[in-house]
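Next comes structure-v2.txt, with compact mmCIF, C-alpha atoms and all ligand atoms.
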```txt
# COMPACT_ATOMS: atom_id res chain seq x y z
CA MET R 215 189.02 77.92 109.52
CA THR R 216 189.95 81.61 109.01
CA ASN R 217 187.52 84.47 108.76
CA ASP R 218 188.46 85.15 105.13
CA ARG R 219 185.63 85.81 102.73
CA ARG R 220 184.65 82.64 100.87
CA VAL R 221 182.87 82.24 97.56
CA ILE R 222 180.82 79.11 96.93
CA VAL R 223 179.67 78.68 93.34
CA HIS R 224 176.55 76.77 92.32
CA PRO R 225 175.57 75.70 88.82
CA ASP R 226 172.40 77.80 88.61
CA LYS R 227 169.78 79.72 90.60
CA PRO R 228 167.63 76.76 91.65
CA ALA R 229 170.70 74.85 92.89
CA LEU R 230 171.89 77.98 94.71
CA ALA R 231 168.54 78.53 96.43
CA SER R 232 168.12 74.93 97.56
CA SER R 233 171.73 74.60 98.73
CA VAL R 234 171.61 77.82 100.82
CA ALA R 235 168.25 76.76 102.27
CA ALA R 236 169.66 73.37 103.30
CA ARG R 237 172.74 74.98 104.89
CA PHE R 238 170.53 77.46 106.69
CA LEU R 239 168.31 74.77 108.19
CA THR R 240 171.32 72.74 109.32
CA LYS R 241 173.07 75.77 110.82
CA VAL R 242 169.95 76.93 112.67
CA VAL R 243 169.48 73.48 114.21
CA ASP R 244 173.12 73.57 115.38
CA LEU R 245 172.77 77.11 116.74
CA LEU R 246 169.62 76.19 118.66
CA ASP R 247 171.61 73.42 120.35
CA GLU R 248 174.05 76.04 121.61
CA ARG R 249 171.83 78.93 122.73
CA PRO R 250 168.27 79.72 123.78
CA VAL R 251 167.47 82.18 120.99
CA VAL R 252 168.76 82.68 117.45
CA HIS R 253 168.61 86.04 115.67
CA ILE R 254 168.42 86.08 111.87
CA VAL R 255 168.49 89.11 109.55
CA LEU R 256 166.54 88.76 106.31
CA THR R 257 167.05 90.72 103.11
CA GLY R 258 165.01 91.60 100.07
CA GLY R 259 165.79 90.49 96.54
CA SER R 260 164.59 87.75 94.25
CA ILE R 261 167.21 85.13 95.03
CA ALA R 262 166.86 85.70 98.79
CA ASN R 263 163.13 85.09 98.47
CA ALA R 264 163.85 81.93 96.46
CA VAL R 265 166.00 80.72 99.39
CA LEU R 266 163.15 81.38 101.83
CA GLU R 267 160.71 79.49 99.56
CA GLN R 268 163.08 76.53 99.59
CA VAL R 269 163.24 76.68 103.38
CA ALA R 270 159.43 76.68 103.49
CA GLN R 271 159.26 73.68 101.16
CA SER R 272 161.82 71.61 103.03
CA SER R 273 160.55 68.91 105.39
CA ALA R 274 163.50 69.85 107.64
CA ARG R 275 161.77 73.15 108.39
CA ASP R 276 159.67 71.35 111.01
CA THR R 277 162.80 70.29 112.90
CA ILE R 278 163.31 73.96 113.84
CA ASP R 279 161.81 75.33 117.03
CA TRP R 280 160.64 78.59 115.45
CA GLN R 281 159.49 79.85 118.86
CA ARG R 282 163.19 80.48 119.59
CA ILE R 283 163.94 82.31 116.34
CA HIS R 284 163.82 86.08 115.94
CA LEU R 285 163.62 87.56 112.44
CA TRP R 286 164.90 91.05 111.61
CA TRP R 287 165.39 92.95 108.36
CA GLY R 288 168.53 94.54 106.94
CA ASP R 289 166.49 97.11 105.07
CA GLU R 290 162.99 98.02 104.04
CA ARG R 291 161.35 100.02 101.29
CA TRP R 292 159.29 102.96 102.64
CA VAL R 293 155.91 101.97 101.23
CA PRO R 294 152.56 101.15 102.85
CA LEU R 295 151.91 97.86 104.62
CA GLY R 296 150.69 95.35 102.07
CA ASP R 297 152.57 96.99 99.18
CA ALA R 298 154.15 94.29 97.02
CA GLU R 299 157.49 96.12 97.25
CA ARG R 300 157.86 95.54 100.97
CA ASN R 301 160.69 93.14 101.77
CA GLU R 302 158.81 91.98 104.85
CA GLY R 303 155.68 91.16 102.82
CA GLN R 304 157.72 89.13 100.34
CA ALA R 305 159.35 87.18 103.18
CA HIS R 306 155.92 86.51 104.68
CA ALA R 307 154.70 85.08 101.38
CA ALA R 308 157.87 83.03 100.86
CA LEU R 309 158.30 81.60 104.36
CA ILE R 310 156.89 83.32 107.42
CA ASP R 311 153.23 82.53 106.69
CA ALA R 312 154.17 78.85 106.50
CA ILE R 313 155.94 78.54 109.86
CA ASP R 314 154.81 78.55 113.45
CA ILE R 315 156.70 81.62 114.61
CA PRO R 316 155.28 84.01 117.22
CA GLU R 317 154.31 87.39 115.79
CA ALA R 318 156.38 89.05 118.51
CA ASN R 319 159.51 87.40 117.08
CA VAL R 320 158.99 88.91 113.61
CA HIS R 321 160.58 92.35 113.79
CA ALA R 322 159.44 94.04 110.59
CA MET R 323 160.58 97.58 109.95
CA PRO R 324 157.78 100.19 110.10
CA ALA R 325 155.68 100.90 107.01
CA SER R 326 155.04 104.34 105.51
CA ASP R 327 151.35 104.30 106.53
CA GLY R 328 152.05 103.45 110.18
CA GLY R 329 151.85 107.03 111.44
CA LEU R 330 155.61 107.67 111.74
CA THR R 331 157.86 109.86 109.66
CA LEU R 332 160.83 108.18 108.01
CA ASP R 333 163.17 109.56 110.70
CA GLU R 334 160.85 108.42 113.49
CA ALA R 335 160.64 104.97 111.89
CA ALA R 336 164.43 104.65 111.90
CA GLU R 337 164.49 105.64 115.58
CA ALA R 338 161.68 103.21 116.40
CA TYR R 339 163.52 100.29 114.79
CA ALA R 340 166.71 101.26 116.59
CA ARG R 341 164.75 101.09 119.87
CA GLU R 342 163.33 97.68 118.93
CA LEU R 343 166.85 96.39 118.26
CA ALA R 344 168.09 97.80 121.57
CA LEU R 345 165.28 96.03 123.46
CA HIS R 346 166.71 92.69 122.33
CA ALA R 347 170.37 93.62 122.74
CA PRO R 348 172.62 92.11 125.39
CA GLU R 349 173.75 94.45 128.15
CA GLY R 350 176.06 97.14 126.84
CA ALA R 351 175.12 96.62 123.19
CA ASP R 352 172.74 98.43 120.83
CA THR R 353 171.56 95.43 118.85
CA PRO R 354 171.13 91.69 119.26
CA VAL R 355 174.06 89.55 118.15
CA PHE R 356 172.88 88.40 114.76
CA ASP R 357 173.72 84.75 114.21
CA ILE R 358 173.07 84.77 110.46
CA THR R 359 172.59 87.89 108.34
CA PHE R 360 171.43 87.38 104.79
CA LEU R 361 172.31 90.07 102.28
CA GLY R 362 171.42 90.44 98.63
CA VAL R 363 173.72 92.53 96.45
CA GLY R 364 172.50 94.92 93.79
CA PRO R 365 174.15 95.17 90.37
CA ASP R 366 175.73 98.42 91.63
CA GLY R 367 177.15 96.60 94.68
CA HIS R 368 174.63 97.95 97.18
CA ILE R 369 173.79 95.91 100.27
CA ALA R 370 170.69 96.48 102.41
CA SER R 371 169.84 100.09 101.38
CA LEU R 372 173.46 101.31 101.48
CA PHE R 373 174.23 102.56 97.98
CA PRO R 374 177.47 103.54 96.21
CA HIS R 375 178.68 107.11 96.67
CA ARG R 376 176.01 107.88 99.29
CA SER R 377 176.61 108.84 102.88
CA GLY R 378 174.75 105.83 104.33
CA ILE R 379 177.61 103.39 103.80
CA GLN R 380 179.90 105.59 105.94
CA VAL R 381 177.52 106.01 108.91
CA THR R 382 178.96 104.62 112.14
CA ASP R 383 177.02 106.54 114.81
CA ALA R 384 173.57 104.99 114.29
CA THR R 385 172.17 101.50 114.02
CA VAL R 386 169.30 102.33 111.63
CA ILE R 387 169.19 105.16 109.11
CA PRO R 388 166.54 106.79 106.95
CA VAL R 389 167.54 106.66 103.27
CA ARG R 390 166.34 109.32 100.83
CA ASN R 391 166.84 109.65 97.08
CA SER R 392 167.76 106.00 96.70
CA PRO R 393 169.03 105.37 93.15
CA LYS R 394 166.84 102.25 93.10
CA PRO R 395 163.10 102.80 93.61
CA PRO R 396 161.37 103.37 95.90
CA PRO R 397 163.40 106.46 96.81
CA GLU R 398 162.78 106.31 100.55
CA ARG R 399 163.97 103.39 102.65
CA LEU R 400 165.25 102.29 106.04
CA SER R 401 168.53 100.48 106.47
CA LEU R 402 170.73 98.93 109.12
CA THR R 403 174.17 100.50 109.03
CA ARG R 404 177.44 98.83 108.06
CA PRO R 405 178.81 98.45 111.64
CA VAL R 406 175.59 96.71 112.68
CA LEU R 407 175.71 94.34 109.72
CA ASN R 408 179.40 93.65 110.32
CA ALA R 409 178.75 92.83 113.99
CA SER R 410 176.85 89.73 112.78
CA ASP R 411 178.50 86.42 113.53
CA ARG R 412 177.86 85.15 110.02
CA ILE R 413 177.07 87.12 106.88
CA TRP R 414 175.66 85.10 104.03
CA LEU R 415 175.51 87.04 100.78
CA VAL R 416 173.36 85.48 98.09
CA LEU R 417 173.83 86.61 94.48
CA ALA R 418 172.62 85.24 91.19
CA GLY R 419 172.80 86.44 87.60
CA ALA R 420 175.28 88.01 85.21
CA ASP R 421 174.32 91.54 86.29
CA LYS R 422 175.96 90.89 89.69
CA ALA R 423 179.30 89.68 88.30
CA SER R 424 181.01 93.04 88.04
CA ALA R 425 180.08 94.21 91.56
CA LEU R 426 181.25 90.92 93.06
CA GLY R 427 184.50 90.94 91.08
CA LEU R 428 185.25 94.53 92.12
CA ALA R 429 184.42 93.90 95.78
CA LEU R 430 186.76 90.91 95.94
CA ALA R 431 189.47 92.79 94.06
CA GLY R 432 189.65 95.43 96.78
CA ALA R 433 187.32 98.20 95.58
CA SER R 434 186.39 100.80 98.19
CA ARG R 435 183.12 100.50 100.09
CA ASP R 436 182.17 103.95 98.81
CA GLU R 437 182.41 102.68 95.24
CA VAL R 438 181.04 99.18 95.88
CA PRO R 439 179.35 98.97 99.32
CA VAL R 440 179.53 95.17 99.48
CA ALA R 441 183.32 95.56 99.63
CA GLY R 442 182.88 96.91 103.18
CA ILE R 443 181.02 93.87 104.48
CA LYS R 444 182.63 91.29 106.74
CA GLY R 445 181.03 89.26 109.53
CA ARG R 446 182.73 88.53 112.86
CA ARG R 447 183.13 84.80 112.25
CA ARG R 448 182.22 84.00 108.64
CA THR R 449 181.48 85.86 105.43
CA VAL R 450 180.30 83.65 102.60
CA PHE R 451 179.22 84.64 99.12
CA PHE R 452 176.80 82.02 97.80
CA VAL R 453 176.61 82.64 94.06
CA ASP R 454 175.59 81.05 90.80
CA ARG R 455 178.02 80.57 87.89
CA GLU R 456 176.88 83.74 86.14
CA ALA R 457 177.50 85.94 89.18
CA ALA R 458 180.90 84.28 89.69
CA ALA R 459 182.16 85.17 86.20
CA GLU R 460 184.66 87.78 87.49
CA VAL R 461 185.76 86.00 90.68
CA PRO R 462 189.42 84.92 90.56
CA GLU R 463 189.67 81.12 90.55
CA ARG R 464 191.87 81.11 93.69
CA LEU R 465 189.07 82.68 95.77
CA ILE R 466 186.50 80.03 94.88
CA SER R 467 185.89 77.54 97.65
CA PRO R 468 185.82 73.94 96.42
CA ASP R 469 183.07 72.76 98.73
CA TYR R 470 179.85 73.00 96.73
O1 LIG I 1 166.23 96.93 96.86
C1 LIG I 1 166.85 96.00 97.32
O2 LIG I 1 167.76 95.37 96.53
C2 LIG I 1 168.75 94.49 97.06
C3 LIG I 1 169.20 93.53 95.95
O3 LIG I 1 168.07 92.97 95.32
P1 LIG I 1 168.21 92.01 94.05
O4 LIG I 1 166.80 91.72 93.60
O5 LIG I 1 169.02 92.73 93.02
O6 LIG I 1 168.91 90.77 94.54
C4 LIG I 1 168.25 93.79 98.30
O7 LIG I 1 169.28 93.10 98.89
C5 LIG I 1 167.67 94.80 99.27
O8 LIG I 1 167.25 94.17 100.46
C6 LIG I 1 166.49 95.44 98.63
O9 LIG I 1 165.81 96.37 99.43
```
Please rewrite the model in this file as structure tokens.
Amino acid sequence: MTNDRRVIVHPDKPALASSVAARFLTKVVDLLDERPVVHIVLTGGSIANAVLEQVAQSSARDTIDWQRIHLWWGDERWVPLGDAERNEGQAHAALIDAIDIPEANVHAMPASDGGLTLDEAAEAYARELALHAPEGADTPVFDITFLGVGPDGHIASLFPHRSGIQVTDATVIPVRNSPKPPPERLSLTRPVLNASDRIWLVLAGADKASALGLALAGASRDEVPVAGIKGRRRTVFFVDREAAAEVPERLISPDY
């Protein structure tokens, strides 16, 4: 199989969420057979949380040795701990509270009330990543990185026509004046995301169709940040029919 980007279309959001959850569980079991520890990057967004809820509800979830899983985040909104906007809090409610995973394996990004400035928080998360990195690297090798995609084509907190998408000399950046609230955020950078073995982008709804169509048609990453995303081994767009409306037929993978 080549490392071309693939698009897998599902009839609707519920089918998308349960299919991605099932693939995730199967892939994690396989990965745990191959290595001692598996690193996963989570994302915010409604469909991503629906996937995590489906993982939590699956009986297969108990076949995973969660002690050997590490969870990271691709981005976080700069709000206090416990704020409903926090991506980490949403993931806790959807999945993490339901699984037996050590707290030390859940690498949430800092919150705005944790005593750090936004810049210090970015540096602190970069240090946390480095602590779990193999020798000579700045971050762990992410086995699966989930990404949502905004209607404007943003991924993590890397937005169109902003400097963040071009950053290559940092692993984590502070984001200010985000076009989507809240205005302050933290984000992994594009090279870090692209160093993931597998990137699984999950998109649902008609408002995502244009961004996806443009990204696959060769738009620039400055215009449509998701266009600049490609994992080392696999890059798969898991989408519903509405989000796939502008995807050329020849790019759609037949294997749903
Ligand atoms: O703000 C964010 O938005 C994107 C996309 O969210 P969606 O609800 O439009 O799917 C998300 O991927 C990112 O993590 C989050 O912080």
List every residue of chain R that has an atom at most 6 Å from any atom of ligand LIG 1 (chain I), and for each one report the closest atom pair and its distance in Å to one decimal, counting all atoms listed in the file, with rows sorted by chain and then by increasing residue number, as a tab-separated table.
```
residue	atom	partner	partner_atom	distance
R:Thr257	CA	I:LIG1	O8	4.4
R:Gly258	CA	I:LIG1	O8	3.4
R:Gly259	CA	I:LIG1	O4	3.3
R:Ser260	CA	I:LIG1	O4	4.6
R:Ile261	CA	I:LIG1	O6	5.9
R:Asp289	CA	I:LIG1	O8	5.5
R:Glu290	CA	I:LIG1	O9	5.7
R:Leu361	CA	I:LIG1	O7	5.5
R:Gly362	CA	I:LIG1	O7	3.4
R:Val363	CA	I:LIG1	C3	4.7
R:Gly364	CA	I:LIG1	C3	4.2
R:Ile369	CA	I:LIG1	O7	5.5
R:Ala370	CA	I:LIG1	O8	4.6
R:Ser371	CA	I:LIG1	O9	5.8
```
Point-to-point distance in Å for atom CA of R:Ala231 and atom CA of R:Gly303:
19.1 Å
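Nearest residue to R:Asp311 among R:Phe452, R:His375, R:Arg412, R:Glu267 is R:Glu267, counting all atoms listed in the file.
If all atoms listed in the file are the atoms counted, then among R:Pro324, R:Pro316, R:Pro405, R:Pro462 the closest residue to R:Arg446 is R:Pro405.
Residue nearest R:Asp357, chosen from R:Gly328, R:Gly427, R:Gly445, R:Pro388 and counting all atoms listed in the file: R:Gly445.
The residue that comes closest to R:Thr449, out of R:Thr240, R:Ser424, R:Asn319, R:Ser410 and on the basis of only C-alpha atoms, is R:Ser410.
Atom CA of R:Ala235 is found 25.6 Å from atom CA of R:Gly296.
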List the spatial neighbours of stretch 349-356 of chain R as number ranges by chain - criterion: any atom at most 10 Å away, all atoms listed in the file, same-chain residues fewer than 3 positions off excluded.
R: 252-255, 284-286, 340-346, 359, 384-385, 406-413, 445
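You will find atom CA of R:Leu245 at 23.2 Å from atom CA of R:Ser467.
Taking all atoms listed in the file into account, R:Gly329 lies nearest to R:Pro294 out of the set R:Ile315, R:Pro294, R:Pro468, R:Phe360.
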Every residue with an atom at most 12 Å from (184.9, 103.5, 95.5) (file coordinates; all atoms listed in the file) is what I'm after, so could you write them as JSON, numbers by chain?
{"R": [366, 367, 368, 373, 374, 375, 376, 379, 380, 425, 428, 429, 431, 432, 433, 434, 435, 436, 437, 438, 439, 440, 441, 442]}
Shell around R:Trp292 at 7 Å using only C-alpha atoms, local window under 6 positions removed, as a count of residues only
5
Can you pull out the residues contacting R:Arg275? Cut-off 12 Å, using all atoms listed in the file, and skip same-chain residues under 2 positions away; I want them as number ranges by chain.
R: 235-243, 266-273, 277-280, 309-310, 312-315
Produce a file of the selected residues containing C-alpha atoms, as a PDB file, in the frame of the given file.
```pdb
ATOM      1  CA  ALA R 235     168.250  76.760 102.270  1.00  0.00           C
ATOM      2  CA  ALA R 236     169.660  73.370 103.300  1.00  0.00           C
ATOM      3  CA  ARG R 237     172.740  74.980 104.890  1.00  0.00           C
ATOM      4  CA  PHE R 238     170.530  77.460 106.690  1.00  0.00           C
ATOM      5  CA  LEU R 239     168.310  74.770 108.190  1.00  0.00           C
ATOM      6  CA  THR R 240     171.320  72.740 109.320  1.00  0.00           C
ATOM      7  CA  LYS R 241     173.070  75.770 110.820  1.00  0.00           C
ATOM      8  CA  VAL R 242     169.950  76.930 112.670  1.00  0.00           C
ATOM      9  CA  VAL R 243     169.480  73.480 114.210  1.00  0.00           C
ATOM     10  CA  LEU R 266     163.150  81.380 101.830  1.00  0.00           C
ATOM     11  CA  GLU R 267     160.710  79.490  99.560  1.00  0.00           C
ATOM     12  CA  GLN R 268     163.080  76.530  99.590  1.00  0.00           C
ATOM     13  CA  VAL R 269     163.240  76.680 103.380  1.00  0.00           C
ATOM     14  CA  ALA R 270     159.430  76.680 103.490  1.00  0.00           C
ATOM     15  CA  GLN R 271     159.260  73.680 101.160  1.00  0.00           C
ATOM     16  CA  SER R 272     161.820  71.610 103.030  1.00  0.00           C
ATOM     17  CA  SER R 273     160.550  68.910 105.390  1.00  0.00           C
ATOM     18  CA  THR R 277     162.800  70.290 112.900  1.00  0.00           C
ATOM     19  CA  ILE R 278     163.310  73.960 113.840  1.00  0.00           C
ATOM     20  CA  ASP R 279     161.810  75.330 117.030  1.00  0.00           C
ATOM     21  CA  TRP R 280     160.640  78.590 115.450  1.00  0.00           C
ATOM     22  CA  LEU R 309     158.300  81.600 104.360  1.00  0.00           C
ATOM     23  CA  ILE R 310     156.890  83.320 107.420  1.00  0.00           C
ATOM     24  CA  ALA R 312     154.170  78.850 106.500  1.00  0.00           C
ATOM     25  CA  ILE R 313     155.940  78.540 109.860  1.00  0.00           C
ATOM     26  CA  ASP R 314     154.810  78.550 113.450  1.00  0.00           C
ATOM     27  CA  ILE R 315     156.700  81.620 114.610  1.00  0.00           C
TER      28      ILE R 315
END
```
